[in-house]
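Novice: Structure: input.cif, mmCIF, N, CA and C atoms.
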data_my_file
#
loop_
_atom_site.label_atom_id
_atom_site.label_comp_id
_atom_site.auth_asym_id
_atom_site.auth_seq_id
_atom_site.Cartn_x
_atom_site.Cartn_y
_atom_site.Cartn_z
N MET A 208 156.05 9.44 -48.71
CA MET A 208 157.49 9.35 -48.53
C MET A 208 157.96 10.66 -47.89
N LYS A 209 158.71 10.54 -46.81
CA LYS A 209 159.23 11.70 -46.10
C LYS A 209 160.61 12.05 -46.64
N LEU A 210 160.80 13.31 -47.04
CA LEU A 210 162.08 13.80 -47.53
C LEU A 210 162.72 14.70 -46.48
N ILE A 211 164.02 14.58 -46.32
CA ILE A 211 164.78 15.37 -45.36
C ILE A 211 165.67 16.34 -46.12
N ASN A 212 165.61 17.62 -45.74
CA ASN A 212 166.45 18.64 -46.34
C ASN A 212 167.88 18.48 -45.79
N ILE A 213 168.83 18.27 -46.69
CA ILE A 213 170.23 18.11 -46.25
C ILE A 213 171.08 19.32 -46.65
N GLY A 214 170.41 20.42 -46.99
CA GLY A 214 171.11 21.65 -47.31
C GLY A 214 171.04 22.02 -48.76
N PHE A 215 170.95 23.31 -49.03
CA PHE A 215 170.96 23.87 -50.38
C PHE A 215 169.84 23.31 -51.26
N GLY A 216 168.70 23.02 -50.65
CA GLY A 216 167.55 22.52 -51.39
C GLY A 216 167.64 21.05 -51.77
N ASN A 217 168.64 20.35 -51.30
CA ASN A 217 168.80 18.92 -51.59
C ASN A 217 168.02 18.10 -50.57
N MET A 218 167.36 17.06 -51.05
CA MET A 218 166.53 16.22 -50.19
C MET A 218 166.94 14.75 -50.31
N VAL A 219 166.71 14.02 -49.22
CA VAL A 219 166.99 12.59 -49.18
C VAL A 219 165.76 11.90 -48.59
N ALA A 220 165.42 10.75 -49.12
CA ALA A 220 164.30 9.97 -48.59
C ALA A 220 164.67 9.44 -47.21
N ALA A 221 163.89 9.80 -46.21
CA ALA A 221 164.20 9.45 -44.82
C ALA A 221 164.23 7.94 -44.60
N HIS A 222 163.34 7.22 -45.26
CA HIS A 222 163.27 5.77 -45.03
C HIS A 222 164.45 5.01 -45.64
N ARG A 223 165.28 5.67 -46.43
CA ARG A 223 166.45 5.02 -47.04
C ARG A 223 167.72 5.22 -46.22
N LEU A 224 167.70 6.12 -45.23
CA LEU A 224 168.91 6.41 -44.44
C LEU A 224 169.20 5.30 -43.43
N ILE A 225 170.49 4.94 -43.37
CA ILE A 225 170.96 3.97 -42.38
C ILE A 225 171.73 4.71 -41.28
N ALA A 226 172.57 5.68 -41.68
CA ALA A 226 173.40 6.37 -40.71
C ALA A 226 173.67 7.81 -41.15
N ILE A 227 173.83 8.67 -40.14
CA ILE A 227 174.26 10.05 -40.35
C ILE A 227 175.46 10.24 -39.44
N VAL A 228 176.64 10.43 -40.02
CA VAL A 228 177.86 10.46 -39.22
C VAL A 228 178.73 11.66 -39.57
N ALA A 229 179.64 11.99 -38.66
CA ALA A 229 180.62 13.05 -38.91
C ALA A 229 181.72 12.48 -39.81
N PRO A 230 182.35 13.31 -40.64
CA PRO A 230 183.31 12.82 -41.63
C PRO A 230 184.75 12.66 -41.15
N GLU A 231 185.04 12.96 -39.90
CA GLU A 231 186.44 13.02 -39.45
C GLU A 231 187.10 11.67 -39.21
N ALA A 232 186.36 10.65 -38.85
CA ALA A 232 186.94 9.36 -38.48
C ALA A 232 187.52 8.64 -39.70
N ALA A 233 188.61 7.93 -39.48
CA ALA A 233 189.28 7.20 -40.57
C ALA A 233 188.36 6.19 -41.26
N PRO A 234 187.55 5.42 -40.54
CA PRO A 234 186.67 4.47 -41.23
C PRO A 234 185.65 5.17 -42.14
N ILE A 235 185.19 6.34 -41.74
CA ILE A 235 184.23 7.09 -42.57
C ILE A 235 184.94 7.62 -43.81
N LYS A 236 186.16 8.10 -43.64
CA LYS A 236 186.94 8.57 -44.80
C LYS A 236 187.15 7.42 -45.78
N ARG A 237 187.37 6.22 -45.26
CA ARG A 237 187.55 5.05 -46.11
C ARG A 237 186.25 4.71 -46.86
N ILE A 238 185.11 4.80 -46.17
CA ILE A 238 183.82 4.55 -46.80
C ILE A 238 183.57 5.56 -47.92
N VAL A 239 183.90 6.83 -47.68
CA VAL A 239 183.72 7.87 -48.69
C VAL A 239 184.61 7.59 -49.90
N GLY A 240 185.87 7.24 -49.65
CA GLY A 240 186.79 6.94 -50.74
C GLY A 240 186.35 5.75 -51.58
N GLU A 241 185.86 4.71 -50.92
CA GLU A 241 185.38 3.53 -51.64
C GLU A 241 184.14 3.86 -52.47
N ALA A 242 183.26 4.69 -51.91
CA ALA A 242 182.05 5.09 -52.65
C ALA A 242 182.43 5.92 -53.88
N ARG A 243 183.44 6.77 -53.72
CA ARG A 243 183.91 7.58 -54.86
C ARG A 243 184.43 6.67 -55.97
N GLU A 244 185.19 5.65 -55.60
CA GLU A 244 185.76 4.72 -56.59
C GLU A 244 184.69 3.93 -57.34
N ARG A 245 183.65 3.52 -56.64
CA ARG A 245 182.62 2.70 -57.29
C ARG A 245 181.50 3.54 -57.90
N GLY A 246 181.58 4.87 -57.77
CA GLY A 246 180.61 5.76 -58.40
C GLY A 246 179.31 5.93 -57.66
N SER A 247 179.30 5.65 -56.37
CA SER A 247 178.07 5.78 -55.59
C SER A 247 178.15 6.91 -54.56
N LEU A 248 179.05 7.87 -54.80
CA LEU A 248 179.18 9.03 -53.91
C LEU A 248 178.37 10.19 -54.50
N ILE A 249 177.57 10.82 -53.64
CA ILE A 249 176.79 11.99 -54.05
C ILE A 249 177.25 13.16 -53.19
N ASP A 250 177.78 14.19 -53.85
CA ASP A 250 178.28 15.37 -53.14
C ASP A 250 177.21 16.47 -53.19
N ALA A 251 176.56 16.69 -52.03
CA ALA A 251 175.51 17.71 -51.94
C ALA A 251 175.98 18.90 -51.10
N THR A 252 177.29 19.16 -51.10
CA THR A 252 177.84 20.23 -50.27
C THR A 252 177.86 21.58 -50.95
N ALA A 253 177.64 21.64 -52.24
CA ALA A 253 177.68 22.89 -53.01
C ALA A 253 179.03 23.60 -52.82
N GLY A 254 180.09 22.81 -52.74
CA GLY A 254 181.43 23.38 -52.62
C GLY A 254 181.84 23.76 -51.22
N ARG A 255 180.97 23.54 -50.24
CA ARG A 255 181.28 23.85 -48.85
C ARG A 255 182.00 22.68 -48.20
N ARG A 256 182.41 22.89 -46.97
CA ARG A 256 183.06 21.84 -46.19
C ARG A 256 182.07 20.74 -45.84
N THR A 257 182.49 19.49 -45.93
CA THR A 257 181.63 18.36 -45.57
C THR A 257 181.51 18.29 -44.06
N ARG A 258 180.29 18.36 -43.56
CA ARG A 258 180.05 18.29 -42.12
C ARG A 258 179.34 17.02 -41.70
N SER A 259 178.68 16.35 -42.66
CA SER A 259 178.06 15.07 -42.33
C SER A 259 178.08 14.15 -43.54
N VAL A 260 178.09 12.87 -43.25
CA VAL A 260 178.07 11.83 -44.28
C VAL A 260 176.83 10.98 -44.00
N LEU A 261 176.00 10.85 -45.03
CA LEU A 261 174.77 10.06 -44.91
C LEU A 261 174.95 8.77 -45.70
N ILE A 262 174.64 7.66 -45.08
CA ILE A 262 174.78 6.36 -45.71
C ILE A 262 173.39 5.78 -45.90
N THR A 263 173.11 5.31 -47.12
CA THR A 263 171.78 4.80 -47.42
C THR A 263 171.77 3.28 -47.52
N ASP A 264 170.58 2.71 -47.56
CA ASP A 264 170.45 1.26 -47.66
C ASP A 264 170.85 0.73 -49.03
N SER A 265 170.98 1.62 -50.01
CA SER A 265 171.42 1.21 -51.35
C SER A 265 172.93 1.36 -51.52
N GLU A 266 173.64 1.58 -50.42
CA GLU A 266 175.09 1.76 -50.37
C GLU A 266 175.56 3.03 -51.05
N HIS A 267 174.67 4.00 -51.25
CA HIS A 267 175.08 5.31 -51.70
C HIS A 267 175.58 6.09 -50.49
N VAL A 268 176.56 6.92 -50.70
CA VAL A 268 177.12 7.76 -49.64
C VAL A 268 176.91 9.20 -50.08
N ILE A 269 176.29 10.00 -49.19
CA ILE A 269 175.94 11.37 -49.52
C ILE A 269 176.69 12.31 -48.59
N LEU A 270 177.36 13.30 -49.18
CA LEU A 270 178.07 14.31 -48.40
C LEU A 270 177.18 15.53 -48.25
N SER A 271 177.12 16.08 -47.04
CA SER A 271 176.29 17.25 -46.78
C SER A 271 177.09 18.29 -46.00
N ALA A 272 176.75 19.56 -46.22
CA ALA A 272 177.39 20.66 -45.50
C ALA A 272 176.65 21.00 -44.21
N VAL A 273 175.66 20.21 -43.86
CA VAL A 273 174.86 20.43 -42.66
C VAL A 273 175.36 19.49 -41.55
N GLN A 274 175.38 19.99 -40.32
CA GLN A 274 175.84 19.19 -39.18
C GLN A 274 174.96 17.94 -39.00
N PRO A 275 175.54 16.81 -38.55
CA PRO A 275 174.75 15.59 -38.34
C PRO A 275 173.58 15.81 -37.37
N GLU A 276 173.79 16.61 -36.33
CA GLU A 276 172.73 16.88 -35.37
C GLU A 276 171.55 17.60 -36.02
N THR A 277 171.84 18.49 -36.95
CA THR A 277 170.79 19.23 -37.64
C THR A 277 169.98 18.29 -38.54
N VAL A 278 170.67 17.42 -39.27
CA VAL A 278 169.97 16.46 -40.13
C VAL A 278 169.11 15.54 -39.27
N ALA A 279 169.64 15.07 -38.15
CA ALA A 279 168.89 14.19 -37.26
C ALA A 279 167.66 14.90 -36.70
N ALA A 280 167.80 16.17 -36.36
CA ALA A 280 166.66 16.93 -35.85
C ALA A 280 165.58 17.07 -36.92
N ARG A 281 165.99 17.22 -38.16
CA ARG A 281 165.03 17.34 -39.26
C ARG A 281 164.29 16.03 -39.52
N LEU A 282 164.88 14.92 -39.14
CA LEU A 282 164.19 13.64 -39.26
C LEU A 282 162.96 13.62 -38.36
N GLY A 283 163.07 14.26 -37.20
CA GLY A 283 161.96 14.28 -36.26
C GLY A 283 160.97 15.40 -36.49
N ASP A 284 161.36 16.47 -37.19
CA ASP A 284 160.50 17.63 -37.41
C ASP A 284 160.44 17.96 -38.89
N PRO A 285 159.37 17.56 -39.58
CA PRO A 285 159.28 17.81 -41.02
C PRO A 285 159.18 19.28 -41.38
N ASP A 286 158.83 20.14 -40.42
CA ASP A 286 158.71 21.57 -40.70
C ASP A 286 159.93 22.36 -40.27
N ALA A 287 161.03 21.67 -39.92
CA ALA A 287 162.24 22.36 -39.48
C ALA A 287 162.76 23.26 -40.59
N GLN A 288 163.07 24.49 -40.23
CA GLN A 288 163.57 25.47 -41.19
C GLN A 288 165.08 25.42 -41.24
N GLU A 289 165.63 25.56 -42.41
CA GLU A 289 167.08 25.57 -42.61
C GLU A 289 167.61 26.95 -42.25
N SER A 290 168.54 27.00 -41.31
CA SER A 290 169.11 28.30 -40.94
C SER A 290 170.22 28.68 -41.88
N HIS A 291 170.54 29.96 -41.93
CA HIS A 291 171.59 30.44 -42.82
C HIS A 291 172.96 29.94 -42.39
N GLU A 292 173.15 29.66 -41.09
CA GLU A 292 174.47 29.20 -40.65
C GLU A 292 174.77 27.81 -41.18
N ASP A 293 173.76 27.01 -41.50
CA ASP A 293 173.98 25.67 -42.07
C ASP A 293 174.60 25.77 -43.46
N GLU A 294 174.33 26.85 -44.18
CA GLU A 294 174.79 26.97 -45.56
C GLU A 294 176.03 27.82 -45.70
N GLU A 295 176.52 28.38 -44.62
CA GLU A 295 177.69 29.26 -44.74
C GLU A 295 178.95 28.58 -44.27
#
Taking this structure as input, can you express it in the form of structure tokens?
Specialist:
Amino acid sequence: MKLINIGFGNMVAAHRLIAIVAPEAAPIKRIVGEARERGSLIDATAGRRTRSVLITDSEHVILSAVQPETVAARLGDPDAQESHEDEE
């Protein structure tokens, strides 16, 4: 099973991801709100600003402080190192 680092030592199973999106769009905000209401929202931002929203096949929604492009790049490179700018 391949795990993807989504910041601050948090990992997600790569084969469970459906989408990695930016959080600014209204439909994504609605998805996040609905996930919060039903208890399937996972906040992995460590108190930082949400920069990407990961949606899984189990309908869990995960918030990350890492840019969507960075998470996508890590999907292709299992040895990708997390830079300090991702966590600040």
Novice: Within 7 Å of Arg258 of chain A, counting all atoms listed in the file, which residues show up once you throw out same-chain ones fewer than 3 positions away? Write them as a PyMOL selection string, please.
Specialist: chain A and resi 228-230+255+270-275
Novice: I'd like to see the residues matched by the PyMOL selection byres ((chain A and resi 244-252) around 8) on this file, and ideally I'd get them as a PyMOL selection string.
Specialist: chain A and resi 213-215+217+238-243+253-258+265-273
Novice: For Ala226 of chain A, which of A:Asp264, A:Asp284, A:Glu276, A:Lys209 is the closest residue, counting all atoms listed in the file?
Specialist: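 Closest residue, counting all atoms listed in the file: A:Asp264.
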Novice: Per DSSP on the backbone, what are the strand (DSSP E) residues of segment 212-283 of chain A, as an mmCIF file with N, CA and C atoms, in the frame of the given file?
Specialist:
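As a result, part-v9.cif now contains:
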data_model
loop_
_atom_site.group_PDB
_atom_site.id
_atom_site.type_symbol
_atom_site.label_atom_id
_atom_site.label_comp_id
_atom_site.auth_asym_id
_atom_site.auth_seq_id
_atom_site.Cartn_x
_atom_site.Cartn_y
_atom_site.Cartn_z
ATOM 1 N N ASN A 212 165.610 17.620 -45.740
ATOM 2 C CA ASN A 212 166.450 18.640 -46.340
ATOM 3 C C ASN A 212 167.880 18.480 -45.790
ATOM 4 N N ILE A 213 168.830 18.270 -46.690
ATOM 5 C CA ILE A 213 170.230 18.110 -46.250
ATOM 6 C C ILE A 213 171.080 19.320 -46.650
ATOM 7 N N GLY A 214 170.410 20.420 -46.990
ATOM 8 C CA GLY A 214 171.110 21.650 -47.310
ATOM 9 C C GLY A 214 171.040 22.020 -48.760
ATOM 10 N N ASN A 217 168.640 20.350 -51.300
ATOM 11 C CA ASN A 217 168.800 18.920 -51.590
ATOM 12 C C ASN A 217 168.020 18.100 -50.570
ATOM 13 N N MET A 218 167.360 17.060 -51.050
ATOM 14 C CA MET A 218 166.530 16.220 -50.190
ATOM 15 C C MET A 218 166.940 14.750 -50.310
ATOM 16 N N VAL A 219 166.710 14.020 -49.220
ATOM 17 C CA VAL A 219 166.990 12.590 -49.180
ATOM 18 C C VAL A 219 165.760 11.900 -48.590
ATOM 19 N N ALA A 220 165.420 10.750 -49.120
ATOM 20 C CA ALA A 220 164.300 9.970 -48.590
ATOM 21 C C ALA A 220 164.670 9.440 -47.210
ATOM 22 N N LEU A 224 167.700 6.120 -45.230
ATOM 23 C CA LEU A 224 168.910 6.410 -44.440
ATOM 24 C C LEU A 224 169.200 5.300 -43.430
ATOM 25 N N ILE A 225 170.490 4.940 -43.370
ATOM 26 C CA ILE A 225 170.960 3.970 -42.380
ATOM 27 C C ILE A 225 171.730 4.710 -41.280
ATOM 28 N N ALA A 226 172.570 5.680 -41.680
ATOM 29 C CA ALA A 226 173.400 6.370 -40.710
ATOM 30 C C ALA A 226 173.670 7.810 -41.150
ATOM 31 N N ILE A 227 173.830 8.670 -40.140
ATOM 32 C CA ILE A 227 174.260 10.050 -40.350
ATOM 33 C C ILE A 227 175.460 10.240 -39.440
ATOM 34 N N VAL A 228 176.640 10.430 -40.020
ATOM 35 C CA VAL A 228 177.860 10.460 -39.220
ATOM 36 C C VAL A 228 178.730 11.660 -39.570
ATOM 37 N N LEU A 248 179.050 7.870 -54.800
ATOM 38 C CA LEU A 248 179.180 9.030 -53.910
ATOM 39 C C LEU A 248 178.370 10.190 -54.500
ATOM 40 N N ILE A 249 177.570 10.820 -53.640
ATOM 41 C CA ILE A 249 176.790 11.990 -54.050
ATOM 42 C C ILE A 249 177.250 13.160 -53.190
ATOM 43 N N ASP A 250 177.780 14.190 -53.850
ATOM 44 C CA ASP A 250 178.280 15.370 -53.140
ATOM 45 C C ASP A 250 177.210 16.470 -53.190
ATOM 46 N N ALA A 251 176.560 16.690 -52.030
ATOM 47 C CA ALA A 251 175.510 17.710 -51.940
ATOM 48 C C ALA A 251 175.980 18.900 -51.100
ATOM 49 N N SER A 259 178.680 16.350 -42.660
ATOM 50 C CA SER A 259 178.060 15.070 -42.330
ATOM 51 C C SER A 259 178.080 14.150 -43.540
ATOM 52 N N VAL A 260 178.090 12.870 -43.250
ATOM 53 C CA VAL A 260 178.070 11.830 -44.280
ATOM 54 C C VAL A 260 176.830 10.980 -44.000
ATOM 55 N N LEU A 261 176.000 10.850 -45.030
ATOM 56 C CA LEU A 261 174.770 10.060 -44.910
ATOM 57 C C LEU A 261 174.950 8.770 -45.700
ATOM 58 N N ILE A 262 174.640 7.660 -45.080
ATOM 59 C CA ILE A 262 174.780 6.360 -45.710
ATOM 60 C C ILE A 262 173.390 5.780 -45.900
ATOM 61 N N THR A 263 173.110 5.310 -47.120
ATOM 62 C CA THR A 263 171.780 4.800 -47.420
ATOM 63 C C THR A 263 171.770 3.280 -47.520
ATOM 64 N N VAL A 268 176.560 6.920 -50.700
ATOM 65 C CA VAL A 268 177.120 7.760 -49.640
ATOM 66 C C VAL A 268 176.910 9.200 -50.080
ATOM 67 N N ILE A 269 176.290 10.000 -49.190
ATOM 68 C CA ILE A 269 175.940 11.370 -49.520
ATOM 69 C C ILE A 269 176.690 12.310 -48.590
ATOM 70 N N LEU A 270 177.360 13.300 -49.180
ATOM 71 C CA LEU A 270 178.070 14.310 -48.400
ATOM 72 C C LEU A 270 177.180 15.530 -48.250
ATOM 73 N N SER A 271 177.120 16.080 -47.040
ATOM 74 C CA SER A 271 176.290 17.250 -46.780
ATOM 75 C C SER A 271 177.090 18.290 -46.000
#
Novice: Ranking A:Gly283, A:Met208, A:Ile262, A:Thr277 by minimum distance to Arg223 of chain A and counting all atoms listed in the file, which one comes first?
Specialist: A:Ile262
Novice: Just how far from atom N of Glu231 of chain A is atom N of Leu282 of chain A, in Å to one decimal?
Specialist: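 If I compute the distance from atom N of Leu282 of chain A to atom N of Glu231 of chain A, I get 20.3 Å.
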Novice: When you draw a straight line from atom CA of Ile225 of chain A to atom N of Val278 of chain A, how long is it in Å?
Specialist: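 Going from atom CA of Ile225 of chain A over to atom N of Val278 of chain A covers 13.8 Å.
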Novice: Please return as a PDB file with N, CA and C atoms, in the coordinates of the input: the residues of chain A that backbone DSSP assigns to helix (DSSP H, G or I).
Specialist:
ATOM      1  N   ALA A 221     163.890   9.800 -46.210  1.00  0.00           N
ATOM      2  CA  ALA A 221     164.200   9.450 -44.820  1.00  0.00           C
ATOM      3  C   ALA A 221     164.230   7.940 -44.600  1.00  0.00           C
ATOM      4  N   HIS A 222     163.340   7.220 -45.260  1.00  0.00           N
ATOM      5  CA  HIS A 222     163.270   5.770 -45.030  1.00  0.00           C
ATOM      6  C   HIS A 222     164.450   5.010 -45.640  1.00  0.00           C
ATOM      7  N   ARG A 223     165.280   5.670 -46.430  1.00  0.00           N
ATOM      8  CA  ARG A 223     166.450   5.020 -47.040  1.00  0.00           C
ATOM      9  C   ARG A 223     167.720   5.220 -46.220  1.00  0.00           C
ATOM     10  N   ALA A 233     188.610   7.930 -39.480  1.00  0.00           N
ATOM     11  CA  ALA A 233     189.280   7.200 -40.570  1.00  0.00           C
ATOM     12  C   ALA A 233     188.360   6.190 -41.260  1.00  0.00           C
ATOM     13  N   PRO A 234     187.550   5.420 -40.540  1.00  0.00           N
ATOM     14  CA  PRO A 234     186.670   4.470 -41.230  1.00  0.00           C
ATOM     15  C   PRO A 234     185.650   5.170 -42.140  1.00  0.00           C
ATOM     16  N   ILE A 235     185.190   6.340 -41.740  1.00  0.00           N
ATOM     17  CA  ILE A 235     184.230   7.090 -42.570  1.00  0.00           C
ATOM     18  C   ILE A 235     184.940   7.620 -43.810  1.00  0.00           C
ATOM     19  N   LYS A 236     186.160   8.100 -43.640  1.00  0.00           N
ATOM     20  CA  LYS A 236     186.940   8.570 -44.800  1.00  0.00           C
ATOM     21  C   LYS A 236     187.150   7.420 -45.780  1.00  0.00           C
ATOM     22  N   ARG A 237     187.370   6.220 -45.260  1.00  0.00           N
ATOM     23  CA  ARG A 237     187.550   5.050 -46.110  1.00  0.00           C
ATOM     24  C   ARG A 237     186.250   4.710 -46.860  1.00  0.00           C
ATOM     25  N   ILE A 238     185.110   4.800 -46.170  1.00  0.00           N
ATOM     26  CA  ILE A 238     183.820   4.550 -46.800  1.00  0.00           C
ATOM     27  C   ILE A 238     183.570   5.560 -47.920  1.00  0.00           C
ATOM     28  N   VAL A 239     183.900   6.830 -47.680  1.00  0.00           N
ATOM     29  CA  VAL A 239     183.720   7.870 -48.690  1.00  0.00           C
ATOM     30  C   VAL A 239     184.610   7.590 -49.900  1.00  0.00           C
ATOM     31  N   GLY A 240     185.870   7.240 -49.650  1.00  0.00           N
ATOM     32  CA  GLY A 240     186.790   6.940 -50.740  1.00  0.00           C
ATOM     33  C   GLY A 240     186.350   5.750 -51.580  1.00  0.00           C
ATOM     34  N   GLU A 241     185.860   4.710 -50.920  1.00  0.00           N
ATOM     35  CA  GLU A 241     185.380   3.530 -51.640  1.00  0.00           C
ATOM     36  C   GLU A 241     184.140   3.860 -52.470  1.00  0.00           C
ATOM     37  N   ALA A 242     183.260   4.690 -51.910  1.00  0.00           N
ATOM     38  CA  ALA A 242     182.050   5.090 -52.650  1.00  0.00           C
ATOM     39  C   ALA A 242     182.430   5.920 -53.880  1.00  0.00           C
ATOM     40  N   ARG A 243     183.440   6.770 -53.720  1.00  0.00           N
ATOM     41  CA  ARG A 243     183.910   7.580 -54.860  1.00  0.00           C
ATOM     42  C   ARG A 243     184.430   6.670 -55.970  1.00  0.00           C
ATOM     43  N   GLU A 244     185.190   5.650 -55.600  1.00  0.00           N
ATOM     44  CA  GLU A 244     185.760   4.720 -56.590  1.00  0.00           C
ATOM     45  C   GLU A 244     184.690   3.930 -57.340  1.00  0.00           C
ATOM     46  N   ARG A 245     183.650   3.520 -56.640  1.00  0.00           N
ATOM     47  CA  ARG A 245     182.620   2.700 -57.290  1.00  0.00           C
ATOM     48  C   ARG A 245     181.500   3.540 -57.900  1.00  0.00           C
ATOM     49  N   PRO A 275     175.540  16.810 -38.550  1.00  0.00           N
ATOM     50  CA  PRO A 275     174.750  15.590 -38.340  1.00  0.00           C
ATOM     51  C   PRO A 275     173.580  15.810 -37.370  1.00  0.00           C
ATOM     52  N   GLU A 276     173.790  16.610 -36.330  1.00  0.00           N
ATOM     53  CA  GLU A 276     172.730  16.880 -35.370  1.00  0.00           C
ATOM     54  C   GLU A 276     171.550  17.600 -36.020  1.00  0.00           C
ATOM     55  N   THR A 277     171.840  18.490 -36.950  1.00  0.00           N
ATOM     56  CA  THR A 277     170.790  19.230 -37.640  1.00  0.00           C
ATOM     57  C   THR A 277     169.980  18.290 -38.540  1.00  0.00           C
ATOM     58  N   VAL A 278     170.670  17.420 -39.270  1.00  0.00           N
ATOM     59  CA  VAL A 278     169.970  16.460 -40.130  1.00  0.00           C
ATOM     60  C   VAL A 278     169.110  15.540 -39.270  1.00  0.00           C
ATOM     61  N   ALA A 279     169.640  15.070 -38.150  1.00  0.00           N
ATOM     62  CA  ALA A 279     168.890  14.190 -37.260  1.00  0.00           C
ATOM     63  C   ALA A 279     167.660  14.900 -36.700  1.00  0.00           C
ATOM     64  N   ALA A 280     167.800  16.170 -36.360  1.00  0.00           N
ATOM     65  CA  ALA A 280     166.660  16.930 -35.850  1.00  0.00           C
ATOM     66  C   ALA A 280     165.580  17.070 -36.920  1.00  0.00           C
ATOM     67  N   ARG A 281     165.990  17.220 -38.160  1.00  0.00           N
ATOM     68  CA  ARG A 281     165.030  17.340 -39.260  1.00  0.00           C
ATOM     69  C   ARG A 281     164.290  16.030 -39.520  1.00  0.00           C
ATOM     70  N   LEU A 282     164.880  14.920 -39.140  1.00  0.00           N
ATOM     71  CA  LEU A 282     164.190  13.640 -39.260  1.00  0.00           C
ATOM     72  C   LEU A 282     162.960  13.620 -38.360  1.00  0.00           C
ATOM     73  N   GLY A 283     163.070  14.260 -37.200  1.00  0.00           N
ATOM     74  CA  GLY A 283     161.960  14.280 -36.260  1.00  0.00           C
ATOM     75  C   GLY A 283     160.970  15.400 -36.490  1.00  0.00           C
ATOM     76  N   HIS A 291     170.540  29.960 -41.930  1.00  0.00           N
ATOM     77  CA  HIS A 291     171.590  30.440 -42.820  1.00  0.00           C
ATOM     78  C   HIS A 291     172.960  29.940 -42.390  1.00  0.00           C
ATOM     79  N   GLU A 292     173.150  29.660 -41.090  1.00  0.00           N
ATOM     80  CA  GLU A 292     174.470  29.200 -40.650  1.00  0.00           C
ATOM     81  C   GLU A 292     174.770  27.810 -41.180  1.00  0.00           C
ATOM     82  N   ASP A 293     173.760  27.010 -41.500  1.00  0.00           N
ATOM     83  CA  ASP A 293     173.980  25.670 -42.070  1.00  0.00           C
ATOM     84  C   ASP A 293     174.600  25.770 -43.460  1.00  0.00           C
ATOM     85  N   GLU A 294     174.330  26.850 -44.180  1.00  0.00           N
ATOM     86  CA  GLU A 294     174.790  26.970 -45.560  1.00  0.00           C
ATOM     87  C   GLU A 294     176.030  27.820 -45.700  1.00  0.00           C
TER      88      GLU A 294
END
Novice: Which residue is closest to Leu261 of chain A? Choose from A:Leu224, A:Met218, A:Ala279, A:Ala233 and count only N, CA and C atoms.
Specialist: A:Leu224
Novice: If I take atom C of Ile211 of chain A and atom CA of Lys236 of chain A, how far is one from the other in Å, to one decimal?
Specialist: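 About the pair atom C of Ile211 of chain A and atom CA of Lys236 of chain A: they are 22.7 Å apart.
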